[in-house]
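Below is start-v8.txt, which holds compact mmCIF, C-alpha atoms.
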```txt
# COMPACT_ATOMS: atom_id res chain seq x y z
CA MET A 1 114.74 87.21 25.26
CA ILE A 2 111.11 87.26 26.31
CA ARG A 3 108.85 84.99 24.25
CA ASP A 4 105.83 86.62 22.63
CA PHE A 5 102.56 86.40 24.52
CA GLU A 6 99.05 87.72 24.33
CA TYR A 7 98.28 90.39 26.91
CA PHE A 8 95.10 91.13 28.83
CA ALA A 9 94.55 93.95 31.30
CA PRO A 10 91.17 93.22 32.92
CA LYS A 11 89.63 96.14 34.79
CA THR A 12 87.77 94.12 37.41
CA LEU A 13 88.44 91.07 39.54
CA ASP A 14 85.56 89.21 37.86
CA GLU A 15 87.05 89.78 34.41
CA ALA A 16 90.44 88.58 35.66
CA LEU A 17 88.97 85.42 37.16
CA THR A 18 87.09 84.65 33.94
CA LEU A 19 90.31 84.96 31.94
CA LEU A 20 92.16 82.84 34.47
CA ASP A 21 89.47 80.17 34.22
CA LYS A 22 89.79 80.20 30.44
CA TYR A 23 93.59 80.05 30.12
CA ARG A 24 94.63 78.24 33.34
CA ASP A 25 98.09 76.65 32.94
CA GLU A 26 98.76 78.51 29.70
CA CYS A 27 98.74 81.91 31.39
CA LYS A 28 100.68 83.79 34.01
CA VAL A 29 99.33 86.56 36.19
CA ILE A 30 101.49 89.66 36.36
CA ALA A 31 101.17 92.30 39.08
CA GLY A 32 104.33 94.40 39.46
CA GLY A 33 106.34 91.77 37.60
CA GLN A 34 109.52 92.57 39.51
CA SER A 35 110.36 88.86 39.71
CA LEU A 36 108.27 87.50 36.84
CA ILE A 37 109.83 89.68 34.14
CA ILE A 38 113.32 88.49 35.11
CA LEU A 39 112.17 84.86 34.96
CA MET A 40 110.54 85.47 31.58
CA ARG A 41 113.69 87.08 30.22
CA GLN A 42 115.73 84.11 31.35
CA GLY A 43 113.28 81.85 29.53
CA LEU A 44 112.37 80.03 32.74
CA VAL A 45 108.76 81.09 32.37
CA ALA A 46 107.21 81.43 28.91
CA PRO A 47 103.46 81.89 29.16
CA LYS A 48 101.23 82.08 26.10
CA TYR A 49 98.94 84.56 27.82
CA VAL A 50 99.70 87.21 30.44
CA ILE A 51 96.93 88.60 32.63
CA ASP A 52 97.87 91.94 34.13
CA ILE A 53 96.06 92.61 37.41
CA LYS A 54 98.14 95.57 38.56
CA ARG A 55 95.48 98.13 37.73
CA ILE A 56 92.52 96.37 39.26
CA SER A 57 91.71 99.06 41.78
CA GLU A 58 89.45 96.82 43.88
CA LEU A 59 92.61 94.86 44.80
CA ASN A 60 94.61 97.93 45.80
CA TYR A 61 93.87 99.02 49.38
CA ILE A 62 94.95 99.00 52.99
CA SER A 63 91.94 99.00 55.29
CA THR A 64 91.59 98.78 59.05
CA GLY A 65 88.72 97.61 61.18
CA LYS A 66 88.04 95.81 64.43
CA ASP A 67 89.03 92.51 62.84
CA GLY A 68 92.45 93.87 61.90
CA VAL A 69 94.18 95.15 58.80
CA LYS A 70 93.41 94.00 55.28
CA ILE A 71 95.80 94.56 52.40
CA GLY A 72 94.74 94.12 48.78
CA ALA A 73 97.00 91.88 46.72
CA VAL A 74 98.23 94.56 44.30
CA THR A 75 99.13 97.07 47.00
CA THR A 76 102.73 98.11 46.37
CA HIS A 77 105.52 97.54 48.87
CA ARG A 78 106.08 101.27 48.98
CA ALA A 79 102.43 101.95 49.84
CA ILE A 80 102.73 99.56 52.79
CA GLU A 81 106.06 101.06 53.86
CA LYS A 82 104.56 104.55 53.94
CA SER A 83 101.10 103.72 55.24
CA PRO A 84 100.15 105.41 58.54
CA VAL A 85 98.50 102.08 59.49
CA MET A 86 101.91 100.44 59.87
CA LYS A 87 102.67 101.76 63.33
CA ASN A 88 102.60 100.46 66.91
CA GLY A 89 102.14 96.67 66.68
CA LEU A 90 102.47 96.71 62.90
CA SER A 91 105.56 98.91 62.56
CA VAL A 92 107.44 95.68 61.83
CA LEU A 93 105.77 95.62 58.39
CA ALA A 94 107.15 99.07 57.52
CA ASP A 95 110.58 98.05 58.90
CA MET A 96 110.51 94.93 56.72
CA GLU A 97 109.40 96.78 53.58
CA LYS A 98 112.10 99.39 54.01
CA ARG A 99 114.71 96.67 53.67
CA LEU A 100 113.01 94.83 50.82
CA SER A 101 114.99 95.40 47.63
CA TYR A 102 115.26 99.03 46.44
CA ILE A 103 112.89 101.99 46.27
CA GLU A 104 112.40 101.57 42.51
CA THR A 105 111.36 97.93 42.99
CA ARG A 106 109.12 98.74 45.96
CA ASN A 107 107.42 101.49 43.95
CA TRP A 108 106.22 99.00 41.35
CA GLY A 109 106.29 95.58 43.02
CA THR A 110 103.29 94.33 44.99
CA ILE A 111 102.83 92.37 48.20
CA GLY A 112 100.64 89.79 46.46
CA GLY A 113 103.14 89.30 43.68
CA ASN A 114 105.89 88.79 46.21
CA LEU A 115 103.90 86.11 48.06
CA CYS A 116 102.79 84.33 44.88
CA ASN A 117 106.40 84.17 43.68
CA ALA A 118 106.98 82.10 46.85
CA ASP A 119 110.70 82.71 47.00
CA PRO A 120 111.77 81.18 50.34
CA ALA A 121 114.00 84.23 50.87
CA GLY A 122 111.11 86.70 50.47
CA ASP A 123 110.82 89.17 53.34
CA PRO A 124 107.03 89.55 53.79
CA ALA A 125 106.21 85.85 54.36
CA PRO A 126 107.98 85.31 57.71
CA VAL A 127 106.72 88.64 59.06
CA LEU A 128 103.15 87.81 58.06
CA MET A 129 103.50 84.37 59.67
CA ALA A 130 104.68 85.97 62.90
CA LEU A 131 101.67 88.31 62.77
CA LYS A 132 99.32 85.33 62.31
CA ALA A 133 98.16 86.56 58.92
CA SER A 134 95.89 84.68 56.57
CA VAL A 135 95.31 85.04 52.85
CA LYS A 136 92.16 85.14 50.78
CA THR A 137 91.92 83.69 47.30
CA ALA A 138 89.24 83.88 44.63
CA SER A 139 88.22 81.93 41.54
CA VAL A 140 85.12 81.82 39.35
CA SER A 141 83.72 79.14 41.63
CA GLY A 142 84.21 81.08 44.88
CA GLY A 143 86.78 82.05 47.44
CA LYS A 144 88.94 80.49 50.14
CA GLU A 145 90.83 81.62 53.18
CA MET A 146 93.85 79.97 54.72
CA PRO A 147 96.57 80.69 57.25
CA ILE A 148 99.57 82.06 55.37
CA GLU A 149 101.62 79.01 56.44
CA ASP A 150 99.38 76.84 54.23
CA PHE A 151 99.85 79.11 51.21
CA PHE A 152 103.46 78.04 50.69
CA VAL A 153 103.83 74.50 49.41
CA ASP A 154 107.38 74.23 48.11
CA PHE A 155 110.26 76.15 46.54
CA PHE A 156 108.50 78.82 44.39
CA LYS A 157 105.23 76.91 44.68
CA THR A 158 102.01 78.06 46.33
CA ALA A 159 98.70 76.39 47.13
CA LEU A 160 96.98 78.39 44.36
CA GLU A 161 95.10 76.35 41.79
CA PRO A 162 95.58 77.46 38.16
CA THR A 163 92.18 79.19 38.27
CA GLU A 164 92.78 80.96 41.58
CA LEU A 165 94.03 84.43 42.38
CA LEU A 166 95.39 85.75 45.67
CA THR A 167 93.20 88.72 46.53
CA GLU A 168 93.85 89.81 50.10
CA ILE A 169 96.18 89.52 53.08
CA GLN A 170 94.50 89.72 56.48
CA ILE A 171 96.33 90.59 59.66
CA PRO A 172 94.38 90.12 62.90
CA PRO A 173 94.57 92.75 65.66
CA VAL A 174 97.86 92.62 67.54
CA PRO A 175 97.22 91.63 71.20
CA PRO A 176 98.41 93.94 73.99
CA HIS A 177 101.93 93.37 75.39
CA THR A 178 103.15 92.13 71.99
CA GLY A 179 106.48 92.93 70.37
CA THR A 180 107.31 91.89 66.81
CA VAL A 181 110.68 92.20 65.11
CA TYR A 182 112.08 91.25 61.71
CA LYS A 183 115.80 90.65 61.39
CA LYS A 184 117.33 90.25 57.97
CA PHE A 185 120.89 89.18 57.34
CA ASN A 186 122.38 90.12 53.99
CA ILE A 187 125.76 91.40 52.86
CA ILE A 188 124.59 94.05 50.43
CA GLU A 189 121.65 96.26 51.36
CA GLY A 190 118.72 95.63 49.05
CA HIS A 191 119.70 92.05 48.29
CA ALA A 192 117.60 89.08 49.34
CA ALA A 193 117.87 87.73 52.87
CA ILE A 194 120.57 85.12 53.44
CA VAL A 195 118.49 84.38 56.52
CA GLY A 196 115.44 86.29 57.72
CA VAL A 197 113.83 85.88 61.14
CA ALA A 198 110.49 87.24 62.30
CA PHE A 199 109.78 87.00 66.01
CA SER A 200 106.54 87.98 67.70
CA ILE A 201 106.08 87.56 71.44
CA THR A 202 103.02 88.32 73.57
CA LEU A 203 103.46 88.63 77.32
CA GLN A 204 100.72 87.86 79.84
CA SER A 205 101.22 91.33 81.28
CA GLY A 206 104.21 93.32 82.44
CA ASP A 207 105.45 90.27 84.41
CA GLY A 208 107.60 88.90 81.58
CA VAL A 209 105.79 85.57 81.20
CA CYS A 210 105.37 84.49 77.59
CA ASP A 211 101.70 84.05 76.77
CA ASN A 212 102.22 83.31 73.10
CA VAL A 213 105.07 83.44 70.61
CA ARG A 214 105.43 83.00 66.87
CA ILE A 215 108.82 82.55 65.24
CA ALA A 216 109.14 82.37 61.46
CA LEU A 217 112.23 81.78 59.35
CA GLY A 218 113.00 82.97 55.81
CA ALA A 219 115.62 81.47 53.48
CA SER A 220 115.94 78.58 55.91
CA ALA A 221 113.95 75.87 54.11
CA THR A 222 112.13 75.35 50.80
CA THR A 223 109.49 77.82 51.99
CA ALA A 224 109.26 80.33 54.80
CA ILE A 225 108.52 78.21 57.90
CA ARG A 226 107.42 78.49 61.49
CA ALA A 227 109.94 77.31 64.08
CA GLU A 228 107.31 75.63 66.24
CA LYS A 229 109.62 73.69 68.53
CA ALA A 230 111.49 76.89 69.30
CA GLU A 231 108.17 78.53 70.14
CA GLU A 232 107.43 75.70 72.61
CA VAL A 233 110.66 76.50 74.44
CA LEU A 234 109.21 79.89 75.39
CA ARG A 235 105.44 79.48 75.54
CA GLY A 236 104.07 79.77 79.08
CA LYS A 237 107.52 80.38 80.59
CA LYS A 238 109.11 83.36 82.26
CA VAL A 239 111.33 84.82 79.54
CA THR A 240 115.04 84.88 80.30
CA ASP A 241 118.17 85.44 78.21
CA ALA A 242 119.03 81.76 78.54
CA LEU A 243 115.60 80.68 77.34
CA ILE A 244 115.76 82.98 74.31
CA LYS A 245 119.18 81.51 73.48
CA LYS A 246 117.75 78.04 73.79
CA ALA A 247 114.93 78.98 71.41
CA GLY A 248 117.59 80.07 68.90
CA GLN A 249 119.37 76.74 69.28
CA THR A 250 116.11 74.86 68.78
CA ALA A 251 115.13 76.93 65.73
CA SER A 252 118.50 76.20 64.21
CA GLY A 253 117.68 72.50 64.42
CA GLU A 254 114.33 73.08 62.71
CA ALA A 255 115.90 74.94 59.78
CA ASP A 256 116.67 72.91 56.68
CA PRO A 257 118.38 75.45 54.43
CA ILE A 258 120.10 75.04 51.08
CA SER A 259 123.68 75.88 50.18
CA ASP A 260 124.06 78.45 47.44
CA ILE A 261 126.32 81.24 46.26
CA SER A 262 125.46 83.39 49.31
CA ALA A 263 126.00 80.88 52.11
CA SER A 264 126.36 77.20 52.97
CA ASP A 265 123.56 75.36 54.74
CA GLU A 266 125.76 75.09 57.84
CA TYR A 267 126.35 78.84 57.90
CA ARG A 268 122.64 79.51 57.49
CA ARG A 269 121.81 77.23 60.45
CA GLU A 270 124.30 79.14 62.56
CA LEU A 271 122.71 82.41 61.42
CA VAL A 272 119.29 81.13 62.45
CA ARG A 273 120.61 80.33 65.94
CA ILE A 274 122.07 83.79 66.41
CA MET A 275 119.37 85.81 64.73
CA VAL A 276 116.46 84.13 66.48
CA ALA A 277 118.11 85.04 69.77
CA ARG A 278 118.75 88.63 68.68
CA ALA A 279 115.23 89.04 67.29
CA GLY A 280 113.84 87.45 70.47
CA ASN A 281 115.64 89.89 72.74
CA GLU A 282 114.41 92.87 70.74
CA ALA A 283 110.86 91.57 70.47
CA PHE A 284 110.81 90.92 74.24
CA ALA A 285 112.01 94.47 74.93
CA ARG A 286 109.30 95.85 72.63
CA ALA A 287 106.62 93.66 74.22
CA LYS A 288 107.46 94.96 77.69
CA GLN A 289 106.80 98.49 76.47
CA ALA A 290 103.73 97.70 74.38
CA MET B 1 99.44 90.55 18.25
CA LYS B 2 100.56 94.13 18.63
CA LYS B 3 98.86 96.61 20.90
CA VAL B 4 98.75 100.37 21.15
CA VAL B 5 100.34 102.01 24.17
CA LYS B 6 99.83 105.67 24.97
CA LEU B 7 102.71 107.30 26.78
CA THR B 8 103.68 110.85 27.55
CA VAL B 9 107.45 111.04 27.57
CA ASN B 10 109.12 114.24 28.72
CA GLY B 11 105.90 116.12 28.04
CA GLN B 12 105.34 114.76 24.55
CA ALA B 13 102.45 112.39 23.85
CA TYR B 14 103.04 109.22 21.82
CA ASP B 15 100.85 106.41 20.53
CA LEU B 16 103.08 103.42 19.91
CA TYR B 17 102.28 100.15 18.26
CA ILE B 18 104.21 97.48 20.18
CA LYS B 19 104.41 93.79 20.95
CA PRO B 20 103.10 93.07 24.48
CA LYS B 21 106.51 91.77 25.57
CA THR B 22 108.13 95.17 24.91
CA LEU B 23 109.69 96.61 28.04
CA LEU B 24 109.52 100.27 28.96
CA ILE B 25 113.27 100.63 28.39
CA GLU B 26 112.89 99.22 24.87
CA VAL B 27 110.20 101.75 24.03
CA LEU B 28 112.34 104.58 25.32
CA ARG B 29 115.65 103.58 23.74
CA ASP B 30 114.74 101.54 20.67
CA HIS B 31 111.40 103.06 19.60
CA LEU B 32 111.84 106.68 20.67
CA GLY B 33 115.64 106.90 20.40
CA LEU B 34 116.00 108.29 23.93
CA THR B 35 119.29 106.57 24.66
CA GLY B 36 120.08 108.61 27.77
CA THR B 37 118.39 105.83 29.75
CA LYS B 38 120.99 103.06 29.99
CA ARG B 39 120.51 99.33 29.69
CA GLY B 40 122.78 97.76 32.29
CA CYS B 41 122.13 94.46 34.03
CA ASN B 42 118.61 94.00 32.60
CA THR B 43 117.62 92.26 35.86
CA GLY B 44 116.60 95.18 38.06
CA SER B 45 119.85 95.13 40.02
CA CYS B 46 121.97 98.02 38.74
CA GLY B 47 119.63 101.02 38.46
CA ALA B 48 121.10 102.36 35.19
CA CYS B 49 117.67 102.22 33.52
CA ALA B 50 115.75 104.14 36.22
CA VAL B 51 113.17 106.63 34.95
CA ILE B 52 110.33 108.47 36.66
CA LEU B 53 106.90 106.99 35.90
CA ASP B 54 103.91 108.93 37.26
CA GLY B 55 106.12 110.57 39.85
CA MET B 56 107.88 107.39 41.04
CA ALA B 57 111.32 106.10 40.18
CA VAL B 58 111.07 102.67 38.55
CA LYS B 59 113.51 100.39 36.77
CA SER B 60 112.44 100.57 33.14
CA CYS B 61 114.02 97.16 32.37
CA SER B 62 111.52 95.56 34.74
CA VAL B 63 108.27 97.19 33.62
CA LEU B 64 106.24 96.10 30.60
CA ALA B 65 105.55 99.16 28.47
CA LEU B 66 101.86 98.20 28.40
CA GLN B 67 101.78 98.41 32.19
CA ALA B 68 102.73 102.07 31.86
CA ASP B 69 99.84 102.74 29.42
CA GLY B 70 98.47 106.25 29.89
CA GLY B 71 101.39 107.14 32.12
CA GLU B 72 103.81 110.03 32.21
CA VAL B 73 107.44 109.14 31.88
CA MET B 74 110.40 111.41 32.54
CA THR B 75 113.83 110.39 31.35
CA VAL B 76 117.17 112.13 31.80
CA GLU B 77 116.51 113.97 28.52
CA GLY B 78 113.61 115.71 30.23
CA LEU B 79 115.62 117.21 33.09
CA ALA B 80 117.19 120.23 31.39
CA ILE B 81 115.01 123.12 30.30
CA GLY B 82 116.41 124.22 26.95
CA ALA B 83 120.12 124.82 27.47
CA GLU B 84 119.66 125.24 31.22
CA LEU B 85 120.71 122.13 33.10
CA HIS B 86 118.66 120.85 36.04
CA PRO B 87 120.19 121.76 39.45
CA LEU B 88 121.07 118.08 40.02
CA GLN B 89 122.89 117.94 36.68
CA LYS B 90 124.86 121.08 37.51
CA ALA B 91 125.76 119.75 40.94
CA PHE B 92 126.84 116.38 39.50
CA LEU B 93 129.16 118.22 37.09
CA ASP B 94 130.64 120.51 39.74
CA HIS B 95 131.33 117.63 42.12
CA GLY B 96 132.84 115.32 39.53
CA ALA B 97 129.97 112.95 40.26
CA VAL B 98 130.11 111.82 36.64
CA GLN B 99 133.03 109.62 35.68
CA CYS B 100 132.23 107.06 32.99
CA GLY B 101 128.65 108.34 33.06
CA PHE B 102 126.89 105.02 32.68
CA CYS B 103 125.10 105.17 36.04
CA THR B 104 124.51 108.91 35.86
CA SER B 105 121.09 109.07 34.24
CA GLY B 106 119.67 106.50 36.62
CA MET B 107 121.27 108.24 39.60
CA LEU B 108 119.83 111.58 38.45
CA MET B 109 116.31 110.24 38.00
CA SER B 110 116.21 108.52 41.39
CA SER B 111 117.72 111.60 43.05
CA LYS B 112 115.02 113.73 41.44
CA ALA B 113 112.28 111.36 42.60
CA LEU B 114 113.78 111.46 46.10
CA LEU B 115 113.86 115.27 46.24
CA ASP B 116 110.37 115.58 44.75
CA GLU B 117 109.09 113.42 47.60
CA ASN B 118 111.31 114.79 50.36
CA PRO B 119 113.04 118.11 49.63
CA ASN B 120 115.18 117.87 52.77
CA PRO B 121 116.63 114.38 53.04
CA ASP B 122 119.54 113.82 55.41
CA LYS B 123 122.68 112.00 54.32
CA GLN B 124 121.29 108.60 55.29
CA GLN B 125 118.08 109.23 53.37
CA ILE B 126 120.08 110.32 50.31
CA LYS B 127 122.07 107.09 50.49
CA GLU B 128 118.86 105.06 50.80
CA GLY B 129 117.39 106.97 47.85
CA ILE B 130 120.18 105.82 45.54
CA ASP B 131 120.99 102.43 47.06
CA GLY B 132 119.41 100.67 44.09
CA HIS B 133 122.15 102.06 41.85
CA ILE B 134 125.58 100.69 41.16
CA CYS B 135 128.42 103.04 40.20
CA ARG B 136 131.38 100.94 39.12
CA CYS B 137 133.68 103.98 39.10
CA THR B 138 132.78 103.96 42.82
CA GLY B 139 132.01 107.65 42.75
CA TYR B 140 129.32 107.35 45.41
CA ASN B 141 130.72 109.99 47.77
CA SER B 142 130.80 112.69 45.12
CA ILE B 143 127.26 111.77 44.08
CA VAL B 144 126.03 112.07 47.66
CA ARG B 145 127.88 115.40 48.01
CA ALA B 146 126.28 116.70 44.81
CA ILE B 147 122.77 115.81 46.00
CA THR B 148 123.53 117.28 49.43
CA ASP B 149 124.47 120.61 47.85
CA VAL B 150 121.22 120.71 45.90
CA VAL B 151 119.34 120.04 49.14
CA LYS B 152 121.23 122.93 50.77
CA GLY B 153 119.93 125.21 48.02
CA GLU B 154 123.30 125.87 46.38
CA TYR B 155 121.76 125.32 42.97
CA LYS B 156 118.71 127.20 41.82
CA GLU B 157 115.94 125.61 39.80
CA ALA B 158 115.80 126.85 36.19
CA LYS B 159 112.80 129.05 35.51
```

Show the structure stored in the file as structure tokens.
Amino acid sequence: MIRDFEYFAPKTLDEALTLLDKYRDECKVIAGGQSLIILMRQGLVAPKYVIDIKRISELNYISTGKDGVKIGAVTTHRAIEKSPVMKNGLSVLADMEKRLSYIETRNWGTIGGNLCNADPAGDPAPVLMALKASVKTASVSGGKEMPIEDFFVDFFKTALEPTELLTEIQIPPVPPHTGTVYKKFNIIEGHAAIVGVAFSITLQSGDGVCDNVRIALGASATTAIRAEKAEEVLRGKKVTDALIKKAGQTASGEADPISDISASDEYRRELVRIMVARAGNEAFARAKQA
Amino acid sequence: MKKVVKLTVNGQAYDLYIKPKTLLIEVLRDHLGLTGTKRGCNTGSCGACAVILDGMAVKSCSVLALQADGGEVMTVEGLAIGAELHPLQKAFLDHGAVQCGFCTSGMLMSSKALLDENPNPDKQQIKEGIDGHICRCTGYNSIVRAITDVVKGEYKEAK
């Protein structure tokens, strides 16, 4: 049973920030609410005030420019999935969205809401980490920008202060010779990842030497994380099957997953080993063609 | 404190006086008596409560009614025109795609949203279009066959 609350639907970002500044810890921000409403019904979250930002049109956009792609926080998953911008180097975002929950949820749920929920099994976070994304926040006293890695603090906890709102996700231009892949392991399509792996590799040219690599893991720790030691295995080296396998092995050691109804921690570590290698092989193949 | 929500449901306009915590499914079933929309898991997992909101299938158990303010909702009651069933409803009947019937209204609404967006989905796309729905009679194949026949044009739209 959802507890009664007072509801505000500000029309502009400024109005929303003013409300947020007024109610702080006593309020919750709702965008699509596809996670929040379930938590409220279970009584795990019982805010006195709810600030609905879903219809703030200045937060709903996908724009492209020479500094990359910017996505407004209340852009729906479905809008990202179907956006013509999500091609070439960014097709991984459409691939990821297509496997995020179900169409009905993607129609209403938003990218910003997903990130602010900070579920370690969320699909967008590892992909955005692999793409070197950053996030922009706003409050009445100004705005901040941070790499998306810094946005996630702990299990369902973000770096947002009670007066702050996530406003934008920024994805820098994808360098040439880059391939990015997201691999999600789940038993039932539409369910959360048991393990998710995002792998982005940039080659120096067609010679197969790894210029840069970013590997991010979902559902493998209290937040989505980068597997930085695994990245070091590949960076600057000529990419081989054996080296990609070794990166998987290393990533598996960096994972610190929980045991739950879907899988044990041991099983998840094994999944990380295998899926990093699989994602690496596919990303490498894509990079050679990019 | 109650608020007014304006909704158009199956073509009829309503002004409803509701508590902010009221979900779209509660407005439809409990306030308007449109019980064709089913309350299943209540956690967005089963799809029984799917309706079309402003042209998109959504799970009405996971949307605050106030978030749909000013919107147009179509429920399963809005599919038939008079006594003439919608092509999807006819196809579901002919294929035995309705067993216990609990998932049917959600399946129909998401199938309609799918066909409105893409009139020629292939079998894989049909499956993806309804993968947010659970049918515990496990009648999935007959449901996919019914939708496939509508795509093939075996059922004409009522005029």

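Of the residues listed (A:Ala121, A:Ile188, A:Ile62, A:Leu203), A:Ile188 shows the shortest atom-to-atom separation from chain B; distances use all atoms listed in the file.
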
Near chain A, which residues of chain B fall within 10 Å when you count all atoms listed in the file, and what do they look like as an mmCIF file with C-alpha atoms, in the frame of the given file?
```cif
data_model
loop_
_atom_site.group_PDB
_atom_site.id
_atom_site.type_symbol
_atom_site.label_atom_id
_atom_site.label_comp_id
_atom_site.auth_asym_id
_atom_site.auth_seq_id
_atom_site.Cartn_x
_atom_site.Cartn_y
_atom_site.Cartn_z
ATOM 1 C CA MET B 1 99.440 90.550 18.250
ATOM 2 C CA LYS B 2 100.560 94.130 18.630
ATOM 3 C CA LYS B 3 98.860 96.610 20.900
ATOM 4 C CA LYS B 19 104.410 93.790 20.950
ATOM 5 C CA PRO B 20 103.100 93.070 24.480
ATOM 6 C CA LYS B 21 106.510 91.770 25.570
ATOM 7 C CA THR B 22 108.130 95.170 24.910
ATOM 8 C CA LEU B 23 109.690 96.610 28.040
ATOM 9 C CA ASN B 42 118.610 94.000 32.600
ATOM 10 C CA THR B 43 117.620 92.260 35.860
ATOM 11 C CA GLY B 44 116.600 95.180 38.060
ATOM 12 C CA SER B 45 119.850 95.130 40.020
ATOM 13 C CA GLY B 47 119.630 101.020 38.460
ATOM 14 C CA ALA B 50 115.750 104.140 36.220
ATOM 15 C CA VAL B 51 113.170 106.630 34.950
ATOM 16 C CA ILE B 52 110.330 108.470 36.660
ATOM 17 C CA LEU B 53 106.900 106.990 35.900
ATOM 18 C CA MET B 56 107.880 107.390 41.040
ATOM 19 C CA ALA B 57 111.320 106.100 40.180
ATOM 20 C CA VAL B 58 111.070 102.670 38.550
ATOM 21 C CA LYS B 59 113.510 100.390 36.770
ATOM 22 C CA SER B 60 112.440 100.570 33.140
ATOM 23 C CA CYS B 61 114.020 97.160 32.370
ATOM 24 C CA SER B 62 111.520 95.560 34.740
ATOM 25 C CA VAL B 63 108.270 97.190 33.620
ATOM 26 C CA LEU B 64 106.240 96.100 30.600
ATOM 27 C CA LEU B 66 101.860 98.200 28.400
ATOM 28 C CA GLN B 67 101.780 98.410 32.190
ATOM 29 C CA SER B 110 116.210 108.520 41.390
ATOM 30 C CA ALA B 113 112.280 111.360 42.600
ATOM 31 C CA LEU B 114 113.780 111.460 46.100
ATOM 32 C CA GLU B 128 118.860 105.060 50.800
ATOM 33 C CA GLY B 129 117.390 106.970 47.850
ATOM 34 C CA ILE B 130 120.180 105.820 45.540
ATOM 35 C CA ASP B 131 120.990 102.430 47.060
ATOM 36 C CA GLY B 132 119.410 100.670 44.090
ATOM 37 C CA HIS B 133 122.150 102.060 41.850
#
```

| said: Can you tell me which residues surround segment 261-272 of chain A at a distance of at most 7 Å, considering only C-alpha atoms, apart from same-chain residues fewer than 2 positions away, and format the answer as a ChimeraX atom specification? | reply: /A:194-195,220,248,251-252,255,257-259,274-276

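Between atom CA of Val4 of chain B and atom CA of Tyr17 of chain B there is a distance of 4.6 Å.
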
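For Phe92 of chain B, the residues within 10 Å (counting only C-alpha atoms, excluding itself and residues fewer than 6 positions away along the chain) are His86, Val98, Gln99, Thr104, Met107, Leu108, Ser142, Ile143, Val144, Arg145, Ala146, Ile147, Asp149 and Val150 of chain B.
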
| query | Hey, can you check how far atom CA of Gly196 of chain A sits from atom CA of Ala216 of chain A? | reply |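 Atom-to-atom, atom CA of Gly196 of chain A and atom CA of Ala216 of chain A are spaced 8.3 Å apart.
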
| field | Selected residue of minimal separation from Val69 of chain A among A:Gly113, A:Gly122, A:Gly43, A:Pro173, counting only C-alpha atoms | value |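 Comparing A:Gly113, A:Gly122, A:Gly43, A:Pro173 against Val69 of chain A, the winner is A:Pro173.
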
Just add N, CA and C atoms to segment 136-147 of chain A and send it as a compact mmCIF listing (two decimals), in the coordinates of the input.
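Result saved to part-v2.txt:
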```txt
# COMPACT_ATOMS: atom_id res chain seq x y z
N LYS A 136 93.44 85.41 51.40
CA LYS A 136 92.16 85.14 50.78
C LYS A 136 92.40 84.93 49.29
N THR A 137 91.77 83.91 48.73
CA THR A 137 91.92 83.69 47.30
C THR A 137 90.53 83.70 46.66
N ALA A 138 90.51 83.87 45.35
CA ALA A 138 89.24 83.88 44.63
C ALA A 138 89.39 83.12 43.33
N SER A 139 88.29 82.53 42.87
CA SER A 139 88.22 81.93 41.54
C SER A 139 86.78 82.06 41.08
N VAL A 140 86.51 81.67 39.83
CA VAL A 140 85.12 81.82 39.35
C VAL A 140 84.15 81.02 40.21
N SER A 141 84.65 79.96 40.85
CA SER A 141 83.72 79.14 41.63
C SER A 141 83.69 79.52 43.11
N GLY A 142 84.30 80.64 43.49
CA GLY A 142 84.21 81.08 44.88
C GLY A 142 85.55 81.45 45.47
N GLY A 143 85.56 81.61 46.79
CA GLY A 143 86.78 82.05 47.44
C GLY A 143 87.17 81.15 48.59
N LYS A 144 88.42 81.28 49.02
CA LYS A 144 88.94 80.49 50.14
C LYS A 144 89.75 81.40 51.04
N GLU A 145 89.92 80.94 52.27
CA GLU A 145 90.83 81.62 53.18
C GLU A 145 91.71 80.58 53.82
N MET A 146 92.95 80.92 54.04
CA MET A 146 93.85 79.97 54.72
C MET A 146 94.92 80.72 55.50
N PRO A 147 95.44 80.09 56.56
CA PRO A 147 96.57 80.69 57.25
C PRO A 147 97.73 80.81 56.25
```
